[in-house]
>>> print(open('entry26.cif').read())   # mmCIF, N, CA and C atoms and all ligand atoms
data_final
loop_
_atom_site.label_atom_id
_atom_site.label_comp_id
_atom_site.auth_asym_id
_atom_site.auth_seq_id
_atom_site.Cartn_x
_atom_site.Cartn_y
_atom_site.Cartn_z
N MET A 1 37.77 9.68 52.06
CA MET A 1 37.72 8.62 51.05
C MET A 1 38.76 7.55 51.36
N SER A 2 38.38 6.29 51.39
CA SER A 2 39.33 5.23 51.69
C SER A 2 40.19 4.95 50.46
N GLU A 3 41.21 4.12 50.66
CA GLU A 3 42.13 3.82 49.56
C GLU A 3 41.49 2.93 48.50
N SER A 4 40.64 2.01 48.95
CA SER A 4 40.11 1.07 47.96
C SER A 4 38.86 1.67 47.30
N PRO A 5 38.80 1.60 45.96
CA PRO A 5 37.70 2.23 45.25
C PRO A 5 36.42 1.44 45.37
N SER A 6 35.79 1.53 46.52
CA SER A 6 34.69 0.60 46.78
C SER A 6 33.30 1.23 46.76
N ILE A 7 33.22 2.56 46.69
CA ILE A 7 31.88 3.17 46.68
C ILE A 7 31.56 3.62 45.25
N ILE A 8 30.53 3.03 44.70
CA ILE A 8 30.19 3.26 43.30
C ILE A 8 28.84 3.98 43.22
N GLY A 9 28.81 5.10 42.51
CA GLY A 9 27.55 5.81 42.27
C GLY A 9 26.96 5.32 40.96
N LEU A 10 25.75 4.81 41.03
CA LEU A 10 25.09 4.27 39.83
C LEU A 10 23.94 5.18 39.42
N GLY A 11 23.81 5.39 38.12
CA GLY A 11 22.68 6.17 37.63
C GLY A 11 22.29 5.72 36.23
N ALA A 12 21.01 5.83 35.93
CA ALA A 12 20.52 5.45 34.59
C ALA A 12 19.26 6.25 34.28
N ASP A 13 19.05 6.47 32.99
CA ASP A 13 17.73 7.00 32.59
C ASP A 13 16.84 5.79 32.29
N HIS A 14 15.66 6.04 31.72
CA HIS A 14 14.71 4.94 31.47
C HIS A 14 15.30 3.89 30.52
N ALA A 15 16.21 4.32 29.63
CA ALA A 15 16.79 3.39 28.66
C ALA A 15 17.90 2.53 29.25
N GLY A 16 18.27 2.81 30.51
CA GLY A 16 19.37 2.06 31.11
C GLY A 16 19.00 1.38 32.42
N ARG A 17 17.70 1.38 32.73
CA ARG A 17 17.28 0.86 34.04
C ARG A 17 17.62 -0.61 34.25
N ASP A 18 17.51 -1.42 33.19
CA ASP A 18 17.74 -2.86 33.38
C ASP A 18 19.21 -3.14 33.71
N PHE A 19 20.09 -2.43 33.02
CA PHE A 19 21.51 -2.60 33.34
C PHE A 19 21.79 -2.12 34.76
N LYS A 20 21.14 -1.06 35.16
CA LYS A 20 21.40 -0.55 36.52
C LYS A 20 21.03 -1.63 37.56
N LYS A 21 19.90 -2.26 37.33
CA LYS A 21 19.48 -3.33 38.25
C LYS A 21 20.49 -4.47 38.25
N LEU A 22 20.90 -4.86 37.05
CA LEU A 22 21.89 -5.94 36.91
C LEU A 22 23.21 -5.58 37.57
N PHE A 23 23.66 -4.36 37.36
CA PHE A 23 24.96 -3.91 37.91
C PHE A 23 24.90 -3.86 39.44
N LYS A 24 23.75 -3.44 39.94
CA LYS A 24 23.61 -3.33 41.40
C LYS A 24 23.84 -4.68 42.06
N LYS A 25 23.18 -5.69 41.51
CA LYS A 25 23.30 -7.05 42.04
C LYS A 25 24.74 -7.54 41.91
N HIS A 26 25.30 -7.35 40.74
CA HIS A 26 26.65 -7.82 40.43
C HIS A 26 27.68 -7.16 41.35
N LEU A 27 27.58 -5.86 41.51
CA LEU A 27 28.57 -5.14 42.33
C LEU A 27 28.40 -5.46 43.81
N ALA A 28 27.17 -5.65 44.25
CA ALA A 28 26.94 -5.99 45.66
C ALA A 28 27.58 -7.34 45.97
N LEU A 29 27.44 -8.29 45.04
CA LEU A 29 28.05 -9.62 45.25
C LEU A 29 29.57 -9.52 45.33
N LYS A 30 30.12 -8.54 44.66
CA LYS A 30 31.58 -8.37 44.68
C LYS A 30 32.05 -7.53 45.86
N GLY A 31 31.12 -7.07 46.67
CA GLY A 31 31.49 -6.35 47.89
C GLY A 31 31.58 -4.84 47.76
N TYR A 32 31.16 -4.31 46.63
CA TYR A 32 31.16 -2.85 46.49
C TYR A 32 29.99 -2.26 47.27
N GLN A 33 30.18 -1.04 47.72
CA GLN A 33 29.06 -0.29 48.29
C GLN A 33 28.46 0.54 47.15
N ILE A 34 27.15 0.54 47.04
CA ILE A 34 26.51 1.21 45.91
C ILE A 34 25.61 2.33 46.39
N ILE A 35 25.70 3.45 45.71
CA ILE A 35 24.73 4.52 45.94
C ILE A 35 23.95 4.67 44.63
N ASP A 36 22.64 4.47 44.72
CA ASP A 36 21.78 4.50 43.54
C ASP A 36 21.19 5.90 43.40
N PHE A 37 21.55 6.59 42.31
CA PHE A 37 21.07 7.96 42.08
C PHE A 37 19.86 7.98 41.15
N GLY A 38 19.24 6.83 40.95
CA GLY A 38 18.04 6.77 40.11
C GLY A 38 18.42 6.52 38.65
N VAL A 39 17.44 6.44 37.84
CA VAL A 39 16.05 6.68 38.07
C VAL A 39 15.41 5.42 38.68
N ALA A 40 14.32 5.61 39.39
CA ALA A 40 13.64 4.47 40.02
C ALA A 40 13.13 3.51 38.95
N ASP A 41 13.03 2.25 39.34
CA ASP A 41 12.66 1.19 38.40
C ASP A 41 11.31 1.39 37.71
N ASP A 42 10.41 2.10 38.37
CA ASP A 42 9.07 2.24 37.78
C ASP A 42 8.87 3.56 37.03
N VAL A 43 9.94 4.29 36.83
CA VAL A 43 9.82 5.57 36.10
C VAL A 43 10.02 5.32 34.60
N LEU A 44 9.06 5.77 33.79
CA LEU A 44 9.10 5.43 32.37
C LEU A 44 9.89 6.42 31.53
N LYS A 45 10.03 7.64 32.01
CA LYS A 45 10.81 8.64 31.26
C LYS A 45 11.68 9.42 32.23
N ALA A 46 12.95 9.56 31.89
CA ALA A 46 13.85 10.33 32.75
C ALA A 46 14.83 11.09 31.87
N ASP A 47 15.33 12.20 32.36
CA ASP A 47 16.26 13.02 31.58
C ASP A 47 17.69 12.69 31.99
N TYR A 48 18.45 12.17 31.03
CA TYR A 48 19.82 11.72 31.38
C TYR A 48 20.70 12.83 31.95
N PRO A 49 20.57 14.12 31.52
CA PRO A 49 21.46 15.14 32.12
C PRO A 49 21.24 15.30 33.63
N GLU A 50 20.01 15.08 34.06
CA GLU A 50 19.71 15.22 35.48
C GLU A 50 20.41 14.13 36.30
N ILE A 51 20.31 12.90 35.84
CA ILE A 51 20.94 11.77 36.55
C ILE A 51 22.46 11.90 36.47
N ALA A 52 22.95 12.26 35.31
CA ALA A 52 24.41 12.40 35.13
C ALA A 52 24.95 13.45 36.09
N GLY A 53 24.21 14.53 36.28
CA GLY A 53 24.65 15.60 37.18
C GLY A 53 24.76 15.11 38.62
N LYS A 54 23.81 14.30 39.04
CA LYS A 54 23.84 13.80 40.43
C LYS A 54 25.07 12.92 40.65
N VAL A 55 25.34 12.05 39.71
CA VAL A 55 26.49 11.14 39.87
C VAL A 55 27.80 11.92 39.72
N ALA A 56 27.84 12.84 38.77
CA ALA A 56 29.06 13.64 38.56
C ALA A 56 29.41 14.42 39.83
N LYS A 57 28.41 15.01 40.45
CA LYS A 57 28.66 15.78 41.69
C LYS A 57 29.17 14.87 42.80
N ALA A 58 28.62 13.68 42.90
CA ALA A 58 29.03 12.74 43.96
C ALA A 58 30.46 12.25 43.74
N VAL A 59 30.86 12.10 42.49
CA VAL A 59 32.24 11.68 42.21
C VAL A 59 33.18 12.85 42.49
N LYS A 60 32.75 14.01 42.06
CA LYS A 60 33.57 15.21 42.24
C LYS A 60 33.81 15.53 43.71
N ASP A 61 32.80 15.38 44.53
CA ASP A 61 32.97 15.75 45.95
C ASP A 61 33.50 14.58 46.80
N GLY A 62 33.78 13.44 46.17
CA GLY A 62 34.40 12.32 46.88
C GLY A 62 33.43 11.39 47.58
N THR A 63 32.13 11.64 47.44
CA THR A 63 31.15 10.72 48.03
C THR A 63 31.30 9.33 47.40
N CYS A 64 31.58 9.31 46.10
CA CYS A 64 31.78 8.04 45.38
C CYS A 64 33.18 8.03 44.76
N HIS A 65 33.80 6.86 44.76
CA HIS A 65 35.11 6.73 44.12
C HIS A 65 34.97 6.72 42.60
N PHE A 66 33.96 6.03 42.11
CA PHE A 66 33.67 5.96 40.69
C PHE A 66 32.17 6.12 40.46
N GLY A 67 31.84 6.56 39.25
CA GLY A 67 30.44 6.61 38.84
C GLY A 67 30.23 5.70 37.64
N VAL A 68 29.03 5.17 37.54
CA VAL A 68 28.65 4.37 36.38
C VAL A 68 27.29 4.87 35.92
N LEU A 69 27.22 5.30 34.67
CA LEU A 69 26.00 5.89 34.12
C LEU A 69 25.56 5.12 32.89
N ILE A 70 24.29 4.83 32.83
CA ILE A 70 23.77 4.05 31.70
C ILE A 70 22.60 4.79 31.06
N CYS A 71 22.67 4.91 29.75
CA CYS A 71 21.52 5.43 28.99
C CYS A 71 21.35 4.51 27.77
N GLY A 72 20.73 5.00 26.72
CA GLY A 72 20.52 4.13 25.56
C GLY A 72 21.84 3.82 24.86
N THR A 73 22.66 4.84 24.68
CA THR A 73 23.90 4.67 23.92
C THR A 73 25.17 4.85 24.75
N GLY A 74 25.05 5.52 25.87
CA GLY A 74 26.23 5.90 26.66
C GLY A 74 26.74 7.29 26.29
N ALA A 75 26.30 7.80 25.14
CA ALA A 75 26.82 9.08 24.65
C ALA A 75 26.28 10.27 25.44
N GLY A 76 24.97 10.32 25.62
CA GLY A 76 24.38 11.46 26.33
C GLY A 76 24.88 11.57 27.76
N MET A 77 25.00 10.43 28.43
CA MET A 77 25.48 10.43 29.82
C MET A 77 26.91 10.96 29.87
N ALA A 78 27.75 10.57 28.92
CA ALA A 78 29.14 11.05 28.91
C ALA A 78 29.19 12.55 28.68
N MET A 79 28.42 13.01 27.70
CA MET A 79 28.41 14.46 27.41
C MET A 79 27.98 15.25 28.63
N ALA A 80 26.92 14.80 29.27
CA ALA A 80 26.36 15.53 30.41
C ALA A 80 27.33 15.50 31.60
N ALA A 81 27.90 14.34 31.91
CA ALA A 81 28.80 14.23 33.07
C ALA A 81 30.07 15.05 32.87
N ASN A 82 30.55 15.10 31.64
CA ASN A 82 31.81 15.81 31.37
C ASN A 82 31.68 17.33 31.45
N ARG A 83 30.50 17.82 31.67
CA ARG A 83 30.34 19.26 31.87
C ARG A 83 30.78 19.69 33.27
N TYR A 84 31.03 18.70 34.15
CA TYR A 84 31.42 19.02 35.53
C TYR A 84 32.94 18.95 35.64
N PRO A 85 33.59 20.07 36.01
CA PRO A 85 35.05 20.06 36.13
C PRO A 85 35.53 18.97 37.09
N GLY A 86 36.60 18.31 36.72
CA GLY A 86 37.15 17.24 37.56
C GLY A 86 36.57 15.88 37.21
N VAL A 87 35.50 15.88 36.43
CA VAL A 87 34.92 14.61 36.01
C VAL A 87 35.52 14.21 34.67
N ARG A 88 35.91 12.94 34.58
CA ARG A 88 36.40 12.40 33.31
C ARG A 88 35.55 11.16 33.01
N ALA A 89 34.49 11.39 32.26
CA ALA A 89 33.56 10.31 31.94
C ALA A 89 33.92 9.74 30.57
N ALA A 90 33.99 8.42 30.50
CA ALA A 90 34.33 7.77 29.23
C ALA A 90 33.24 6.77 28.85
N SER A 91 32.79 6.90 27.61
CA SER A 91 31.84 5.94 27.07
C SER A 91 32.66 4.78 26.50
N CYS A 92 32.47 3.60 27.05
CA CYS A 92 33.36 2.47 26.72
C CYS A 92 32.57 1.31 26.13
N PRO A 93 32.66 1.11 24.84
CA PRO A 93 31.94 0.01 24.21
C PRO A 93 32.71 -1.30 24.22
N SER A 94 33.91 -1.32 24.79
CA SER A 94 34.68 -2.57 24.83
C SER A 94 35.54 -2.58 26.09
N GLN A 95 36.05 -3.76 26.44
CA GLN A 95 36.96 -3.87 27.59
C GLN A 95 38.27 -3.14 27.29
N TYR A 96 38.66 -3.16 26.02
CA TYR A 96 39.91 -2.48 25.64
C TYR A 96 39.80 -0.98 25.93
N VAL A 97 38.72 -0.39 25.50
CA VAL A 97 38.53 1.06 25.74
C VAL A 97 38.43 1.32 27.24
N ALA A 98 37.72 0.45 27.96
CA ALA A 98 37.57 0.65 29.41
C ALA A 98 38.93 0.59 30.11
N SER A 99 39.77 -0.35 29.71
CA SER A 99 41.06 -0.48 30.39
C SER A 99 41.93 0.74 30.11
N LEU A 100 41.91 1.23 28.87
CA LEU A 100 42.75 2.40 28.57
C LEU A 100 42.14 3.70 29.10
N ALA A 101 40.84 3.76 29.19
CA ALA A 101 40.21 4.95 29.79
C ALA A 101 40.65 5.10 31.24
N ARG A 102 40.86 3.98 31.91
CA ARG A 102 41.37 4.02 33.28
C ARG A 102 42.89 4.21 33.30
N ALA A 103 43.61 3.36 32.58
CA ALA A 103 45.08 3.35 32.66
C ALA A 103 45.70 4.64 32.14
N HIS A 104 45.14 5.20 31.06
CA HIS A 104 45.75 6.39 30.45
C HIS A 104 45.02 7.69 30.79
N ASN A 105 43.70 7.63 30.89
CA ASN A 105 42.91 8.86 31.07
C ASN A 105 42.43 9.06 32.51
N ASP A 106 42.66 8.10 33.36
CA ASP A 106 42.18 8.15 34.74
C ASP A 106 40.69 8.51 34.80
N ALA A 107 39.92 7.88 33.92
CA ALA A 107 38.47 8.13 33.90
C ALA A 107 37.88 7.81 35.25
N ASN A 108 36.97 8.65 35.71
CA ASN A 108 36.32 8.38 37.00
C ASN A 108 34.83 8.06 36.86
N ILE A 109 34.33 8.16 35.65
CA ILE A 109 32.95 7.72 35.40
C ILE A 109 32.94 6.89 34.12
N LEU A 110 32.29 5.75 34.21
CA LEU A 110 32.08 4.87 33.05
C LEU A 110 30.66 5.10 32.55
N THR A 111 30.52 5.30 31.24
CA THR A 111 29.16 5.36 30.70
C THR A 111 28.98 4.23 29.70
N LEU A 112 27.78 3.67 29.70
CA LEU A 112 27.47 2.52 28.86
C LEU A 112 26.09 2.68 28.23
N GLY A 113 25.91 2.03 27.09
CA GLY A 113 24.63 2.07 26.40
C GLY A 113 23.92 0.73 26.46
N GLN A 114 22.77 0.73 27.08
CA GLN A 114 22.02 -0.53 27.20
C GLN A 114 21.43 -0.98 25.86
N ARG A 115 21.28 -0.02 24.92
CA ARG A 115 20.70 -0.40 23.63
C ARG A 115 21.75 -0.89 22.64
N VAL A 116 23.02 -0.81 23.04
CA VAL A 116 24.07 -1.18 22.08
C VAL A 116 24.99 -2.30 22.60
N LEU A 117 24.76 -2.73 23.83
CA LEU A 117 25.62 -3.77 24.41
C LEU A 117 24.77 -4.88 25.02
N GLY A 118 25.25 -6.10 24.92
CA GLY A 118 24.60 -7.21 25.63
C GLY A 118 25.03 -7.17 27.09
N PRO A 119 24.23 -7.81 27.96
CA PRO A 119 24.52 -7.76 29.39
C PRO A 119 25.87 -8.38 29.79
N ASP A 120 26.27 -9.46 29.14
CA ASP A 120 27.54 -10.11 29.51
C ASP A 120 28.72 -9.21 29.20
N LEU A 121 28.68 -8.60 28.02
CA LEU A 121 29.77 -7.68 27.65
C LEU A 121 29.76 -6.46 28.57
N ALA A 122 28.58 -5.96 28.86
CA ALA A 122 28.49 -4.78 29.75
C ALA A 122 29.10 -5.09 31.11
N LEU A 123 28.83 -6.27 31.65
CA LEU A 123 29.41 -6.63 32.95
C LEU A 123 30.93 -6.77 32.87
N ALA A 124 31.40 -7.31 31.77
CA ALA A 124 32.86 -7.46 31.59
C ALA A 124 33.52 -6.08 31.50
N ILE A 125 32.88 -5.17 30.79
CA ILE A 125 33.42 -3.80 30.68
C ILE A 125 33.43 -3.13 32.05
N LEU A 126 32.34 -3.31 32.78
CA LEU A 126 32.24 -2.73 34.12
C LEU A 126 33.37 -3.25 35.02
N ASP A 127 33.59 -4.56 35.03
CA ASP A 127 34.64 -5.13 35.87
C ASP A 127 36.03 -4.63 35.46
N THR A 128 36.25 -4.55 34.17
CA THR A 128 37.55 -4.06 33.69
C THR A 128 37.78 -2.63 34.14
N PHE A 129 36.76 -1.80 33.99
CA PHE A 129 36.89 -0.39 34.37
C PHE A 129 37.23 -0.27 35.86
N LEU A 130 36.51 -1.01 36.68
CA LEU A 130 36.67 -0.84 38.14
C LEU A 130 37.95 -1.46 38.69
N THR A 131 38.57 -2.35 37.93
CA THR A 131 39.76 -3.03 38.47
C THR A 131 41.06 -2.60 37.79
N THR A 132 40.97 -1.66 36.87
CA THR A 132 42.19 -1.18 36.19
C THR A 132 42.67 0.11 36.84
N SER A 133 43.94 0.15 37.16
CA SER A 133 44.50 1.34 37.82
C SER A 133 45.06 2.33 36.81
N PHE A 134 45.06 3.58 37.20
CA PHE A 134 45.69 4.64 36.40
C PHE A 134 47.20 4.41 36.42
N GLU A 135 47.82 4.52 35.26
CA GLU A 135 49.27 4.26 35.18
C GLU A 135 50.11 5.45 35.64
N GLY A 136 49.53 6.65 35.62
CA GLY A 136 50.32 7.83 35.99
C GLY A 136 51.45 8.03 34.99
N GLY A 137 52.63 8.39 35.49
CA GLY A 137 53.79 8.56 34.61
C GLY A 137 53.52 9.58 33.52
N ARG A 138 53.75 9.19 32.28
CA ARG A 138 53.60 10.14 31.17
C ARG A 138 52.15 10.59 30.98
N HIS A 139 51.23 9.85 31.57
CA HIS A 139 49.82 10.21 31.41
C HIS A 139 49.36 11.27 32.41
N GLN A 140 50.11 11.40 33.50
CA GLN A 140 49.70 12.31 34.57
C GLN A 140 49.51 13.75 34.07
N ASN A 141 50.53 14.23 33.36
CA ASN A 141 50.49 15.61 32.90
C ASN A 141 49.34 15.85 31.92
N ARG A 142 49.09 14.86 31.07
CA ARG A 142 48.00 15.00 30.09
C ARG A 142 46.65 15.08 30.80
N VAL A 143 46.50 14.27 31.83
CA VAL A 143 45.24 14.31 32.59
C VAL A 143 45.11 15.67 33.27
N GLU A 144 46.21 16.15 33.83
CA GLU A 144 46.17 17.46 34.50
C GLU A 144 45.84 18.58 33.50
N MET A 145 46.29 18.43 32.27
CA MET A 145 45.99 19.45 31.24
C MET A 145 44.49 19.59 30.97
N MET A 146 43.74 18.53 31.30
CA MET A 146 42.28 18.60 31.08
C MET A 146 41.58 19.37 32.18
N GLY A 147 42.31 19.64 33.26
CA GLY A 147 41.71 20.44 34.34
C GLY A 147 40.95 19.61 35.35
C1 LIG A 201 16.57 8.00 25.58
O1 LIG A 201 15.60 7.65 24.68
C2 LIG A 201 17.92 8.16 24.91
O2 LIG A 201 17.93 9.27 24.09
C3 LIG A 201 19.00 8.28 25.97
O3 LIG A 201 18.94 7.18 26.80
C4 LIG A 201 20.45 8.29 25.53
O4 LIG A 201 20.74 7.28 24.61
C5 LIG A 201 21.05 9.56 25.18
O5 LIG A 201 22.27 9.62 24.92
#
>>> encode(input="entry26.cif", output="structure tokens", more="lines below")
Ligand code: RB5
Amino acid sequence: MSESPSIIGLGADHAGRDFKKLFKKHLALKGYQIIDFGVADDVLKADYPEIAGKVAKAVKDGTCHFGVLICGTGAGMAMAANRYPGVRAASCPSQYVASLARAHNDANILTLGQRVLGPDLALAILDTFLTTSFEGGRHQNRVEMMG
């Protein structure tokens, strides 16, 4: 794994496909390398735990530096991804939550809800998450306590 967090694993169920497409374009323009874990654009129904598992495993084994998961609300993706040890998935409805999820919790997966956020805010949250560093220090031990 290189030092710069440049490989992003993207995943969405049917309720998050549009954001996934938007994020792919946006991140590619910014120079990130993207691995798309589905669901494919023409699939009408998908199970979020399945997609979350693929991205969680890729983050856990170091294939991806960060994961981004999109469903209708962001809640199901977070629940499913957090079942994998070493994964810290945070559902972030604002830039404030995204920045602290990174700075204090060292979150490695961002989850978002396409049914509850507009595209501009979603992109701003995504950028904040990917560019905020973990502060370490007093937060290190707390993160380690989560396993
Ligand atoms: C799919 O209809 C919806 O339940 C799912 O995308 C997600 O919001 C679950 O958390």
>>> residues_around(input="entry26.cif", residues="stretch 13-15 of chain A", least_positions_apart="5", cutoff="5 Å", atoms="all atoms listed in the file", output="VMD selection string")
chain A and resid 46 70 to 72
>>> atom_distance(input="entry26.cif", atom1="atom C of A:Ser133", atom2="atom CA of A:Val87")
15.9 Å
>>> closest_residue(input="entry26.cif", among="A:Val43, A:Ala56, A:His26, A:Val116", to="A:Pro85", atoms="only N, CA and C atoms")
A:Ala56
>>> residues_around(input="entry26.cif", residues="A:Ala101", least_positions_apart="4", cutoff="8 Å", atoms="only C-alpha atoms", output="MDAnalysis selection string")
chainID A and resid 90 92 97 105:107 129
>>> write_last_selection(input="entry26.cif", atoms="N, CA and C atoms", output="short mmCIF file (atom, residue, chain, number, x, y, z; two decimals), in the coordinates of the input")
data_model
loop_
_atom_site.label_atom_id
_atom_site.label_comp_id
_atom_site.auth_asym_id
_atom_site.auth_seq_id
_atom_site.Cartn_x
_atom_site.Cartn_y
_atom_site.Cartn_z
N ALA A 90 33.99 8.42 30.50
CA ALA A 90 34.33 7.77 29.23
C ALA A 90 33.24 6.77 28.85
N CYS A 92 32.47 3.60 27.05
CA CYS A 92 33.36 2.47 26.72
C CYS A 92 32.57 1.31 26.13
N VAL A 97 38.72 -0.39 25.50
CA VAL A 97 38.53 1.06 25.74
C VAL A 97 38.43 1.32 27.24
N ASN A 105 43.70 7.63 30.89
CA ASN A 105 42.91 8.86 31.07
C ASN A 105 42.43 9.06 32.51
N ASP A 106 42.66 8.10 33.36
CA ASP A 106 42.18 8.15 34.74
C ASP A 106 40.69 8.51 34.80
N ALA A 107 39.92 7.88 33.92
CA ALA A 107 38.47 8.13 33.90
C ALA A 107 37.88 7.81 35.25
N PHE A 129 36.76 -1.80 33.99
CA PHE A 129 36.89 -0.39 34.37
C PHE A 129 37.23 -0.27 35.86
#
>>> residues_around(input="entry26.cif", residues="stretch 32-40 of chain A", least_positions_apart="4", cutoff="6.5 Å", atoms="only N, CA and C atoms", output="PyMOL selection string")
chain A and resi 6-14+27-28+51+55
>>> atom_distance(input="entry26.cif", atom1="atom N of A:Leu112", atom2="atom N of A:Val59")
15.6 Å
>>> atom_distance(input="entry26.cif", atom1="atom N of A:Lys54", atom2="atom CA of A:Leu130")
19.9 Å
>>> residues_around(input="entry26.cif", residues="A:Thr132", least_positions_apart="3", cutoff="6 Å", atoms="all atoms listed in the file", output="list in words")
Ser99, Arg102, Ala103, Asp127, Thr128 and Phe129 of chain A
>>> closest_residue(input="entry26.cif", among="A:Leu69, A:Arg88, A:His104, A:Ala122", to="A:Phe134", atoms="only N, CA and C atoms")
A:His104
